[in-house]
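Q: First, the structure itself, so that you have it in front of you.
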Amino acid sequence: MLKYVNHDIVFQEFPDEVTLALNLSRCPNACPGCHSEFLKDDTGEVLTEERLSALIEGYREEITCVGFMGGDGDPASVARLARFVRDAGLKAGWYSGRQELPEAFDAAAFAYVKLGPWRSELGPLSDPRTNQRLYRVETDGTLSDITARFRR
């Protein structure tokens, strides 16, 4: 089960997209120095297809993508909701704090996947030292590393 704490419209999480970003709680990763530590708690509203549909419709004219920020405790539900987003005519992205995708993960449900735990000493995607990577998911399901797009 996924729960979301809040949402926002963001412009920098996924290149060339206007994204409805949903902050998902119940994060199991406990990354040292996490900037969203409140997401480790079991808090927020259950994210059902009905609730997701209402959020999408509220921003339909503004957004091109829905971003799931977290959800590592239930990646199958993240993928299921990403397919729902795709079927609604939008792109879906996932920010995971894991180093690798879970086994048997449906990457084809997504347009983008970010992998890597937060490590403050390595910095964000814009830092050349970062351990995190952002991938574009190609039509055949392979991942293309597009992290360099965040560097100026």
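Naming works like this for the structure tokens: A, B, ... for the chains as they're shown, residue 1 at the start of each chain, ligands 1 onward in shown order.
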Can you tell me which residues surround A:Gly33 at a distance of at most 12 Å, considering only C-alpha atoms, apart from same-chain residues fewer than 3 positions away, and format the answer as a count of residues only?
A: 12
Q: Write out as an mmCIF file with N, CA, C and O atoms, in the first residue's frame each polymer residue whose atoms come within 7 Å of A:Ala21, counting only C-alpha atoms; drop sequence neighbours fewer than 4 positions from it.
A:
```
data_model
loop_
_atom_site.group_PDB
_atom_site.id
_atom_site.type_symbol
_atom_site.label_atom_id
_atom_site.label_comp_id
_atom_site.auth_asym_id
_atom_site.auth_seq_id
_atom_site.Cartn_x
_atom_site.Cartn_y
_atom_site.Cartn_z
ATOM 1 N N HIS A 7 1.884 16.878 -2.418
ATOM 2 C CA HIS A 7 2.210 16.917 -3.846
ATOM 3 C C HIS A 7 2.548 18.351 -4.234
ATOM 4 O O HIS A 7 2.230 19.292 -3.505
ATOM 5 N N ASP A 8 3.192 18.475 -5.385
ATOM 6 C CA ASP A 8 3.566 19.793 -5.880
ATOM 7 C C ASP A 8 3.773 19.689 -7.386
ATOM 8 O O ASP A 8 3.983 18.602 -7.914
ATOM 9 N N ILE A 9 3.737 20.819 -8.041
ATOM 10 C CA ILE A 9 4.095 20.876 -9.457
ATOM 11 C C ILE A 9 5.559 21.289 -9.511
ATOM 12 O O ILE A 9 5.938 22.309 -8.935
ATOM 13 N N VAL A 10 6.390 20.489 -10.187
ATOM 14 C CA VAL A 10 7.831 20.739 -10.246
ATOM 15 C C VAL A 10 8.301 20.736 -11.698
ATOM 16 O O VAL A 10 7.662 20.140 -12.572
ATOM 17 N N VAL A 66 3.760 12.446 -14.113
ATOM 18 C CA VAL A 66 3.503 12.241 -12.692
ATOM 19 C C VAL A 66 4.740 11.573 -12.123
ATOM 20 O O VAL A 66 5.203 10.551 -12.644
ATOM 21 N N GLY A 67 5.288 12.164 -11.061
ATOM 22 C CA GLY A 67 6.485 11.624 -10.429
ATOM 23 C C GLY A 67 6.178 11.019 -9.080
ATOM 24 O O GLY A 67 5.563 11.660 -8.235
ATOM 25 N N PHE A 68 6.582 9.775 -8.911
ATOM 26 C CA PHE A 68 6.428 9.086 -7.630
ATOM 27 C C PHE A 68 7.751 9.231 -6.893
ATOM 28 O O PHE A 68 8.757 8.642 -7.286
ATOM 29 N N MET A 69 7.749 10.017 -5.841
ATOM 30 C CA MET A 69 8.959 10.322 -5.092
ATOM 31 C C MET A 69 9.001 9.395 -3.887
ATOM 32 O O MET A 69 8.413 9.667 -2.851
#
```
Q: Rounded to one decimal place, report the atom CA of A:Asn131-atom CA of A:Cys27 distance in Å.
A: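 About the pair atom CA of A:Asn131 and atom CA of A:Cys27: they are 18.9 Å apart.
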Q: Just list as an MDAnalysis selection string whatever in stretch 15-109 of chain A DSSP marks as helix (DSSP H, G or I).
A: chainID A and resid 37:40 49:59 75:87 107:109
Q: If we count only C-alpha atoms and set the cut-off at 12 Å, which residues sit around A:Gly71, ignoring sequence neighbours fewer than 5 positions away in its own chain? Please answer as a ChimeraX atom specification.
A: /A:1-5,22-29,39-40,42,46-47,76-82,93-98,102
Q: Among stretch 63-127 of chain A, which residues carry a DSSP assignment of strand (DSSP E or B), reported as a VMD selection string?
A: chain A and resid 65 to 69 91 to 95 112 to 115
Q: Please list as a VMD selection string every residue within 10 Å of stretch 12-20 of chain A, counting only C-alpha atoms and excluding residues in the same chain fewer than 4 positions away.
A: chain A and resid 7 to 8 55 to 56 59 to 60 62 to 69 90 to 95 111 to 114 125 134 to 136 146 to 147 149 to 150
Q: Provide the atom CA of A:Ala148 to atom CA of A:Ala104 distance in Å, to one decimal place.
A: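 Taking atom CA of A:Ala148 as the start and atom CA of A:Ala104 as the end point, the length is 27.1 Å.
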Q: Atom CA of A:Gln99 and atom CA of A:Thr130, how far apart in Å?
A: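 The value is 12.4 Å.
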Q: Find the residue from A:Ala109, A:Asn6, A:Phe84, A:Arg151 that sits nearest to A:Glu138; use only C-alpha atoms when measuring.
A: A:Ala109
Q: Pick out the residues sitting within 9 Å of A:Ser53, and hand them over as a list in words; count only C-alpha atoms, and ignore anything fewer than 3 positions along from it in its own chain.
A: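 After dropping sequence-adjacent residues, the list is Thr48, Glu49, Glu50, Ile56, Glu57, Gly58, Phe84, Val85 and Ala88 of chain A.
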Q: Which residue, A:Pro75, A:Gly141, A:Gly70, A:Pro32, has the smallest gap to A:Leu101 when you use only C-alpha atoms?
A: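 Comparing A:Pro75, A:Gly141, A:Gly70, A:Pro32 against A:Leu101, the winner is A:Pro75.
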